[in-house]
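The structure appears right after this line, and notes come after that.
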There are 4 protein chains.
Amino acid sequence: MRSPVPDYLNEVLRQCHDDRTGELASYIPELAQADPDVLAAAICVPGGASYGAGDTSVPFTIQSISKPFTYALALRDRGTEVVLDKVGVEPSGDPFNEISLSEDGKPRNPMINVGALTTYSLVGGEDDDGFEQVRKGISAFAGRELEVDEAVFTSELDTSHRNMALAHMVRSHGVIQQDPGEVVRGYTRQCALLVTVKDLAVMAMTLAGGGRNPLTGEQVVPRWVARQVLSVMTTCGMYDAAGDWMTLVGIPAKSGVSGGIVGALPGVVGVATLSPRLDRYGNSVRGVRIFERLSHDMGMHLMETEPVAEIALRSAGDVDLHDGPAHRIVLQGGMHFGTAEAVLREFEVVPDDDKPVVVDISQVSSVNDVGRRMLLEGLRRLGLEHPLVVLVDPEAKLPDPQQDGVELRVVERLDDAAGAVGR
Amino acid sequence: MRSPVPDYLNEVLRQCHDDRTGELASYIPELAQADPDVLAAAICVPGGASYGAGDTSVPFTIQSISKPFTYALALRDRGTEVVLDKVGVEPSGDPFNEISLSEDGKPRNPMINVGALTTYSLVGGEDDDGFEQVRKGISAFAGRELEVDEAVFTSELDTSHRNMALAHMVRSHGVIQQDPGEVVRGYTRQCALLVTVKDLAVMAMTLAGGGRNPLTGEQVVPRWVARQVLSVMTTCGMYDAAGDWMTLVGIPAKSGVSGGIVGALPGVVGVATLSPRLDRYGNSVRGVRIFERLSHDMGMHLMETEPVAEIALRSAGDVDLHDGPAHRIVLQGGMHFGTAEAVLREFEVVPDDDKPVVVDISQVSSVNDVGRRMLLEGLRRLGLEHPLVVLVDPEAKLPDPQQDGVELRVVERLDDAAGAVGR
Amino acid sequence: MRSPVPDYLNEVLRQCHDDRTGELASYIPELAQADPDVLAAAICVPGGASYGAGDTSVPFTIQSISKPFTYALALRDRGTEVVLDKVGVEPSGDPFNEISLSEDGKPRNPMINVGALTTYSLVGGEDDDGFEQVRKGISAFAGRELEVDEAVFTSELDTSHRNMALAHMVRSHGVIQQDPGEVVRGYTRQCALLVTVKDLAVMAMTLAGGGRNPLTGEQVVPRWVARQVLSVMTTCGMYDAAGDWMTLVGIPAKSGVSGGIVGALPGVVGVATLSPRLDRYGNSVRGVRIFERLSHDMGMHLMETEPVAEIALRSAGDVDLHDGPAHRIVLQGGMHFGTAEAVLREFEVVPDDDKPVVVDISQVSSVNDVGRRMLLEGLRRLGLEHPLVVLVDPEAKLPDPQQDGVELRVVERLDDAAGAVGR
Amino acid sequence: MRSPVPDYLNEVLRQCHDDRTGELASYIPELAQADPDVLAAAICVPGGASYGAGDTSVPFTIQSISKPFTYALALRDRGTEVVLDKVGVEPSGDPFNEISLSEDGKPRNPMINVGALTTYSLVGGEDDDGFEQVRKGISAFAGRELEVDEAVFTSELDTSHRNMALAHMVRSHGVIQQDPGEVVRGYTRQCALLVTVKDLAVMAMTLAGGGRNPLTGEQVVPRWVARQVLSVMTTCGMYDAAGDWMTLVGIPAKSGVSGGIVGALPGVVGVATLSPRLDRYGNSVRGVRIFERLSHDMGMHLMETEPVAEIALRSAGDVDLHDGPAHRIVLQGGMHFGTAEAVLREFEVVPDDDKPVVVDISQVSSVNDVGRRMLLEGLRRLGLEHPLVVLVDPEAKLPDPQQDGVELRVVERLDDAAGAVGR
């Protein structure tokens with residue numbers, strides 16, 4: 001059988017295909033040469049599988065889509081305090097190439113040029129290797145070595161007066177320390193890195209997956225960095241139209257002047273599109289349409305509230321151990337706040353008698369930090385009221401469950417519980 | 001056993017308890033009389049269970065927290081087109097009581113006063129029953145009949161010059177049609193509705209649960225309305241500090257001048273806090289701290305990316321039917337885009353031979369619209385390549401699975417499949 | 001002979017006559033009924049003479065042109081401190097009907113509606129006679145009793161939502177104390193006062209002449225008030241286009257929505273035009289053109305620097321008195337800083353000998369306060385170095401010239417000086 | 001006798017002397033070294049006489065005070081159309097060193113840095129002599145060769161990041177064509193030109209006198225340029241406080257970061273002060289106080305309306321010529337619109353009989369262009385109604401008075417008129 005997902009992507013592309021509205025970015029001569037009809041989309045899911053449709057192997061320069069990734073690198077390298085001291089996180093309401101500094105001379109956010117120049121300056125050391133650090137970092141997001149399109153780089157550098165203005169402005173406020181010309185040069189190289197939509201989908205899934213590249217398995221940035229970057233993309237990623245984008249699409253995203261858009265839905269999917277004609281906000285016309293379709297048709301929306309509640313409790317009841325009857329609770333699925341809360345409510349109704357309690361988590365698929373803490377506390381409390389708690393956990397999903405003053409036995413199978421109790 | 005969740009809430013409150021910073025709202029005399037030390041928090045989960053800590057039964061006037069709910073009622077009553085034509089969805093960057101109209105005289109969003117006055121004017125009919133419609137609608141969110149604090153209403157009406165200014169301003173732009181004085185009067189009554197944090201937690205969970213009140217089971221507003229409201233709360237709910245709130249808390253929220261904050265994490269939880277002292281943005285000082293703690297400690301953040309991936313596939317392998325061997329795939333958990341995509345990949349690797357295929361969804365907890373469509377398409381494709389597809393679905397979680405040209409049998413138990421095949 | 005001035009005005013009107021561009025103000029129904037082709041201009045000079053061309057006797061409602069005059073009345077009645085505490089003097093950069101408050105809730109200047117509503121509230125007492133005080137005051141500027149166009153008043157009051165919004169806004173900031181509805185009602189009556197361009201030219205000349213009505217001779221407002229009003233008209237009178245207006249016209253001015261413009265060049269002329277079609281700034285299209293022509297052709301520009309230097313010194317030399325020779329200095333023209341400074345330089349070169357000095361100011365046309373002080377000090381110093389100073393001042397233009405320790409004689413004619421000396 | 005004017009200046013300085021408030025500009029290290037206690041004032045009057053008090057010979061760098069003069073040079077060299085196409089004339093409301101471009105990328109006015117950089121780029125040719133052209137031009141205003149303080153120049157160039165940002169920004173909009181670095185370098189040299197308050201007073205008087213240097217007699221810029229520059233100084237010269245400055249001082253002015261202020265009252269006076277401590281707007285604290293005193297005490301205010309009306313008519317009556325009686329009108333003072341209008345009214349009342357008319361302008365001090373045209377038209381009309389018009393004009397103040405169809409005789413003395421008539 002062939003998965004219908006690529007067919008679906010192809011269908012979405014087909015529906016947008018004939019839309020010829022919008023204009024190529026004109027201010028960079030080399031970009032104005034781009035084929036305006038190129039059209040591509042790709043998605044990547046948590047396990048690393050990816051799907052594509054259209055011109056998925058056409059390389060193009062990453063441009064502003066590099067911004068969230070360099071921001072991630074800056075956070076990783078300098079820490080949140082240093083970075084927040086230099087660049088804010090509030091939407092600017094301004095078009096992408098104008099100056100937008102808060103009263104203290106700090107760029108409003110890292111998704112506008114002045115903020116992106118500043119985050120570039122924060123990555124790596126002070127010396128000439130700055131760009132190489134950025135290139136390596138963004139390559140780690142993509143899972144392959146990215147290279148610079150030298151022709152576009154040269155073309156952009158020749159017309160980089162605005163970025164020069166912005167760099168001198170933040171230099172004048174002491175926000176950057178380096179030579180403004182060097183920062184603009186490096187940032188322009190960053191913008192000229194060549195990617196495909198496949199690359200971008202992987203990069204997005206890396207953010208959506210807590211900073212871990214689903215292809216290489218590398219933890220490119222810590223989980224807290226991914227959360228911070230996704231948050232800033234949500235409020236500042238799509239220029240003027242943050243509210244429109246949130247209501248219509250609801251995927252943290254970033255667009256670029258070469259026609260790409262990248263989107264990352266936490267825990268779910270990375271998405272990327274390419275179509276060079278831009279609307280008046282500077283966003284790809286057909287790219288926006290594809291995102292709207294994906295969000296609408298696939299329920300890919302941050303505010304998606306359809307009831308996919310996992311039932312944490314598989315069964316509860318009594319079981320016979322060697323020594324007599326015991327209460328038995330079998331859990332399943334992922335264990336996080338929502339599910340653990342339900343489990344704790346189940347623990348509450350276990351009769352407060354002298355029987356042991358068996359909690360079977362062998363069918364639990366994963367346990368996050370909050371789920372772990374809640375489950376442990378529940379086990380501890382059960383242990384205070386019952387002579388014995390048996391945890392069936394063959395894969396050690398709940399590490400270090402032992403706690404002072406609680407009689408807890410960990411076994412691999414329910415059958416072992418008898419011995420456990422018998423001991 | 002007693003659930004540790006209330007203990008956790010109590011602990012959070014205890015940690016914030018001694019923070020006496022911030023000021024009571026002073027411009028409404030009656031609010032300035034409030035006990036500044038009141039402190040409460042409550043959460044409500046999808047099934048309707050709720051937890052509280054502190055002064056959870058202290059009633060207070062809902063004030064601006066009513067805004068997202070009236071916005072929901074306006075969307076429900078007038079439809080998205082009419083409402084978007086009157087009120088935008090973009091953040092304003094302005095303090096809550098100043099005029100913030102876009103160039104065409106339209107309020108920028110429904111979370112600022114001028115937008116809230118306009119959405120009030122859109123609910124219900126033109127006559128005097130307007131307020132009663134609003135009261136009933138907000139009561140449906142709370143699951144009980146709410147009433148007006150007449151003393152606060154009178155006090156606010158006496159000092160409602162700003163709202164009068166705003167109402168006249170939108171009246172002058174033709175955005176509202178009614179008498180500005182009547183609209184201000186009704187809106188002021190709306191703001192004076194009395195609630196507790198328990199009410200607010202239920203109201204928030206109603207939004208977080210797709211518009212369905214978890215206590216009464218009433219579908220107060222359609223699912224798309226809840227999505228729209230949560231989206232607007234995300235970008236416009238917390239006044240000036242949208243970026244700060246998104247990065248630090250990441251829960252769509254709304255605060256009110258009487259010291260309440262309500263937050264709704266889609267599909268997960270409704271949260272409410274009360275503490276009357278406000279920071280310079282007009283948000284409750286201790287309320288913000290409690291939200292930060294809940295987000296941080298409980299992973300309640302829109303961008304939470306910890307891997308709680310539900311494993312959709314329980315097992316795959318061969319099974320003997322009466323007539324011979326068949327491929328067997330057992331699914332579990334919730335079925336939505338993320339899980340259905342993994343299922344489809346599993347379908348892809350089923351050998352393309354002449355054996356029947358058994359797909360067992362008896363352990364699947366829920367199926368959303370996207371999951372249903374993807375699963376159906378997968379079953380259809382399997383059916384094109386195999387002589388028979390057996391769907392084990394005792395609870396009819398996948399309605400109307402039959403499709404033209406596909407041999408599909410639905411059975412209640414695997415044992416029944418034999419007969420199915422044998423037929 | 002007939003003066004060519006009316007011919008010149010007629011010629012200017014003829015040249016602009018066929019310009020049909022611009023639109024009638026549409027938001028006040030009654031104004032939309034106005035004859036769009038009406039065209040008139042009038043000027044009034046210091047002595048009260050006036051000239052007109054076109055439809056000089058067509059009455060129209062004064063609208064925003066009333067603003068500087070009510071501001072003058074507020075300054076007169078409350079003093080500069082109280083008024084500046086309520087209304088600023090800085091340009092707003094905003095269109096005329098939007099809210100423009102500085103951070104402390106104070107209207108930016110009295111020429112925008114919110115400032116004009118506030119100045120209205122400052123004139124006269126708190127009771128219902130407020131409007132009558134304004135009507136009387138503006139009538140005093142015009143030199144005749146002005147009356148309200150009740151139809152326009154009613155029409156405007158019905159569509160006064162913006163002004164209601166503004167009045168409530170300043171009421172909410174405590175800038176006005178009265179009932180906002182009453183203030184809007186009175187201000188709307190003020191705007192509906194009927195005037196002709198002849199009236200407006202007299203009103204402007206009253207400001208240009210230091211607050212004294214050139215027809216009635218009444219000192220309507222003190223000199224310092226006229227200076228303050230003219231200053232504010234210079235920076236805030238012509239809405240968005242202050243810089244354009246200053247460079248192209250250079251006459252402190254104010255325009256109104258009914259198509260009038262009034263201009264006042266200090267000490268020189270009052271000008272008024274009427275033509276109802278407005279440009280996008282809300283200024284009369286042909287009115288602006290007429291003002292540009294008058295400024296350009298007649299040198300009516302604040303920055304006019306053509307050398308019209310009055311020669312203060314008529315002659316200097318020796319004269320024979322009875323007792324012997326004396327120095328004699330004959331002055332002429334107006335005596336102010338510029339001319340007095342030249343006189344003092346002449347005094348400096350009077351040889352420091354024992355001869356008396358005769359200063360003849362019988363041909364001096366006027367002496368302002370600064371000129372008086374400088375001349376007196378010069379006479380005092382001459383008196384310290386010479387045995388006698390004789391001042392020929394038949395019309396007592398230099399009152400109280402006597403100073404301690406100085407031998408000064410005042411005579412009506414030079415012939416009398418002999419006796420003076422002989423005494 | 002010694003003129004009291006210097007005494008007055010000294011007295012004003014003495015009164016402000018002890019004010020130690022304000023701060024030295026700190027961002028240019030070299031300026032931070034300045035003696036904060038330096039205090040000086042100078043004025044220059046139309047004839048070129050000047051007065052000073054305090055440290056009038058202390059040289060300091062001209063800084064932003066150079067802006068209006070370079071603007072004048074740009075207008076002279078490129079014409080008003082080209083310059084207005086590059087730089088606007090509207091106040092910006094922004095602090096002096098921030099970017100303030102209108103929507104089309106044009107600097108709002110030439111008094112803010114971004115506008116001053118642009119006007120610098122417009123002076124002279126494209127090559128390296130640009131600065132020399134500026135230096136020569138500003139020197140012509142001062143009447144002596146000015147030189148650059150190389151230490152301040154170097155210090156400012158090192159900290160010119162803001163200006164670099166601004167220059168790149170206008171370069172990106174195509175407003176300037178040159179290399180931004182070269183423009184900043186040249187502009188920084190311009191700001192480092194050394195002047196004294198005596199120089200600045202002469203420079204200001206040159207603007208106030210229609211572009212003619214009162215010392216050298218050189219017409220540095222045309223009259224229309226001076227008018228344009230003074231107009232822009234009025235609305236844009238004093239940063240944020242245009243309205244305050246206009247009401248309190250009323251002298252077109254420009255201040256500089258080194259503590260100077262220059263003011264030019266058209267036709268009357270040039271003023272300059274020096275005191276390095278600056279208020280929060282960047283204006284010299286004591287300088288502002290001195291200007292306020294001069295304006296208040298000396299009536300040096302654009303809106304000064306004290307009646308110094310020159311009586312244009314000296315006498316009117318009959319006179320006997322050889323052939324019989326004639327009407328005789330003797331004029332005096334300066335002849336401009338205001339006075340010529342009065343003369344024309346006098347012409348109107350000349351009886352329309354057969355007698356000749358004698359108009360004696362031998363006591364008229366000056367005639368401007370408008371006065372000339374009005375007087376000529378009046379003479380022409382008199383000539384149409386009377387057999388002969390005799391103009392007594394010994395100094396040929398009214399050139400080319402002859403007009404077709406009018407019998408006009410020009411004589412040097414009234415006695416000559418007899419012959420004129422007899423001819």
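Convention: chains lettered A, B, ... in structure tokens order; per-chain residue numbering from 1; ligands numbered from 1 as shown.
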| query | Counting only C-alpha atoms, which residues from chain C have an atom at most 6 Å from any atom of chain B, and could you show them as JSON, numbers by chain? | reply | {"C": [161, 162, 165, 168, 169, 172]}
| request: Write out as an MDAnalysis selection string which residues come within 8 Å of stretch 139-151 of chain D when counting only C-alpha atoms, dropping same-chain ones fewer than 4 positions away. | output: chainID D and resid 30 61 69 135 155 189:190 192:195 199:200 202:203 206 213 215:216 218 220
| query | Got a sec: who's within 12 Å of B:Glu395, counting only C-alpha atoms, leaving out chain neighbours fewer than 6 positions off, as a ChimeraX atom specification? | reply | /B:360-367,410-413
| query | Contacts of C:Ala342 at 12 Å or less, counting only C-alpha atoms, minus same-chain residues fewer than 6 places along, as a PyMOL selection string? | reply | (chain C and resi 309-314+331-332+335-336+348-349+371+374-375+378) or (chain D and resi 3-5+44-50+268)
| query | Which residues in stretch 109-338 of chain A does DSSP call alpha helix (DSSP H)? List them as a PyMOL selection string. | reply | chain A and resi 113-122+130-142+150-158+161-172+180-191+197-208+223-236+242-248+285-298+337-338
| field | Test item: residues at most 12 Å from B:Val82, only C-alpha atoms, excluding those fewer than 5 positions along its chain, as a ChimeraX atom specification | value | /B:74-77,87-88,118-119,122-123,175
Go ahead and write the selection's residues with all heavy atoms as a compact mmCIF listing (two decimals), in the first residue's frame.
# COMPACT_ATOMS: atom_id res chain seq x y z
N ALA B 74 -20.73 36.29 20.40
CA ALA B 74 -20.94 37.08 19.19
C ALA B 74 -20.62 36.25 17.95
O ALA B 74 -21.34 36.28 16.96
CB ALA B 74 -20.07 38.34 19.23
N LEU B 75 -19.53 35.49 18.02
CA LEU B 75 -19.18 34.62 16.89
C LEU B 75 -20.28 33.60 16.65
O LEU B 75 -20.67 33.33 15.51
CB LEU B 75 -17.84 33.91 17.17
CG LEU B 75 -16.59 34.79 17.08
CD1 LEU B 75 -15.41 34.08 17.75
CD2 LEU B 75 -16.23 35.10 15.63
N ARG B 76 -20.77 33.02 17.72
CA ARG B 76 -21.83 32.02 17.61
C ARG B 76 -23.09 32.63 16.99
O ARG B 76 -23.70 32.04 16.10
CB ARG B 76 -22.16 31.49 19.01
CG ARG B 76 -23.26 30.46 19.05
CD ARG B 76 -23.76 30.25 20.48
NE ARG B 76 -24.47 31.45 20.95
CZ ARG B 76 -24.99 31.58 22.17
NH1 ARG B 76 -24.86 30.60 23.05
NH2 ARG B 76 -25.60 32.69 22.52
N ASP B 77 -23.44 33.85 17.45
CA ASP B 77 -24.71 34.43 17.02
C ASP B 77 -24.64 35.07 15.65
O ASP B 77 -25.61 35.09 14.91
CB ASP B 77 -25.18 35.51 18.03
CG ASP B 77 -25.57 34.91 19.36
OD1 ASP B 77 -25.57 33.66 19.47
OD2 ASP B 77 -25.88 35.67 20.29
N VAL B 87 -14.65 43.78 14.23
CA VAL B 87 -13.57 43.75 15.22
C VAL B 87 -12.42 42.91 14.68
O VAL B 87 -12.64 41.78 14.24
CB VAL B 87 -14.04 43.14 16.56
CG1 VAL B 87 -12.96 43.25 17.61
CG2 VAL B 87 -15.33 43.79 17.03
N GLY B 88 -11.21 43.46 14.71
CA GLY B 88 -10.04 42.75 14.20
C GLY B 88 -9.51 41.70 15.18
O GLY B 88 -10.12 41.43 16.21
N THR B 118 -17.92 46.59 21.34
CA THR B 118 -18.48 46.25 20.04
C THR B 118 -19.00 44.82 20.03
O THR B 118 -20.09 44.55 19.51
CB THR B 118 -17.41 46.45 18.95
OG1 THR B 118 -16.94 47.81 19.01
CG2 THR B 118 -17.98 46.17 17.57
N THR B 119 -18.24 43.88 20.60
CA THR B 119 -18.75 42.51 20.60
C THR B 119 -20.01 42.41 21.47
O THR B 119 -20.93 41.68 21.13
CB THR B 119 -17.70 41.49 21.09
OG1 THR B 119 -17.17 41.90 22.34
CG2 THR B 119 -16.55 41.38 20.10
N LEU B 122 -22.95 43.06 19.52
CA LEU B 122 -23.27 42.07 18.49
C LEU B 122 -24.05 40.87 19.02
O LEU B 122 -24.56 40.06 18.25
CB LEU B 122 -21.98 41.56 17.83
CG LEU B 122 -21.22 42.58 16.98
CD1 LEU B 122 -19.86 42.04 16.60
CD2 LEU B 122 -22.02 42.94 15.74
N VAL B 123 -24.09 40.74 20.35
CA VAL B 123 -24.76 39.58 20.92
C VAL B 123 -26.26 39.87 21.03
O VAL B 123 -26.66 40.92 21.48
CB VAL B 123 -24.19 39.22 22.30
CG1 VAL B 123 -24.95 38.04 22.90
CG2 VAL B 123 -22.72 38.92 22.18
N VAL B 175 -19.47 51.49 13.51
CA VAL B 175 -19.16 50.10 13.89
C VAL B 175 -20.26 49.54 14.79
O VAL B 175 -20.62 48.37 14.68
CB VAL B 175 -17.78 50.02 14.57
CG1 VAL B 175 -17.50 48.63 15.09
CG2 VAL B 175 -16.69 50.45 13.59
| request: For atom CA of B:Tyr187 and atom CA of C:Asn113, quote the distance in Å rounded to one decimal. | output: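 Computed distance, atom CA of B:Tyr187 to atom CA of C:Asn113, equals 27.2 Å.
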| task | Excluding C:Met233 and residues on its chain fewer than 5 positions from it, collect all residues at most 9 Å away from it, counting only C-alpha atoms, and give them as a PyMOL selection string. | result | chain C and resi 68+111+228+238+251-254+263
| request: Please return as a PyMOL selection string: the residues of stretch 139-381 of chain D that backbone DSSP assigns to strand (DSSP E or B). | output: chain D and resi 148+193-195+212+219+253-255+260-265+269-274+278+284+313-321+324-335+357-367
| query | Which of these, A:Pro59, A:Pro36, A:Pro399, A:Gly324, has the shortest distance to A:Asp18 once you count only C-alpha atoms? | reply | A:Pro36
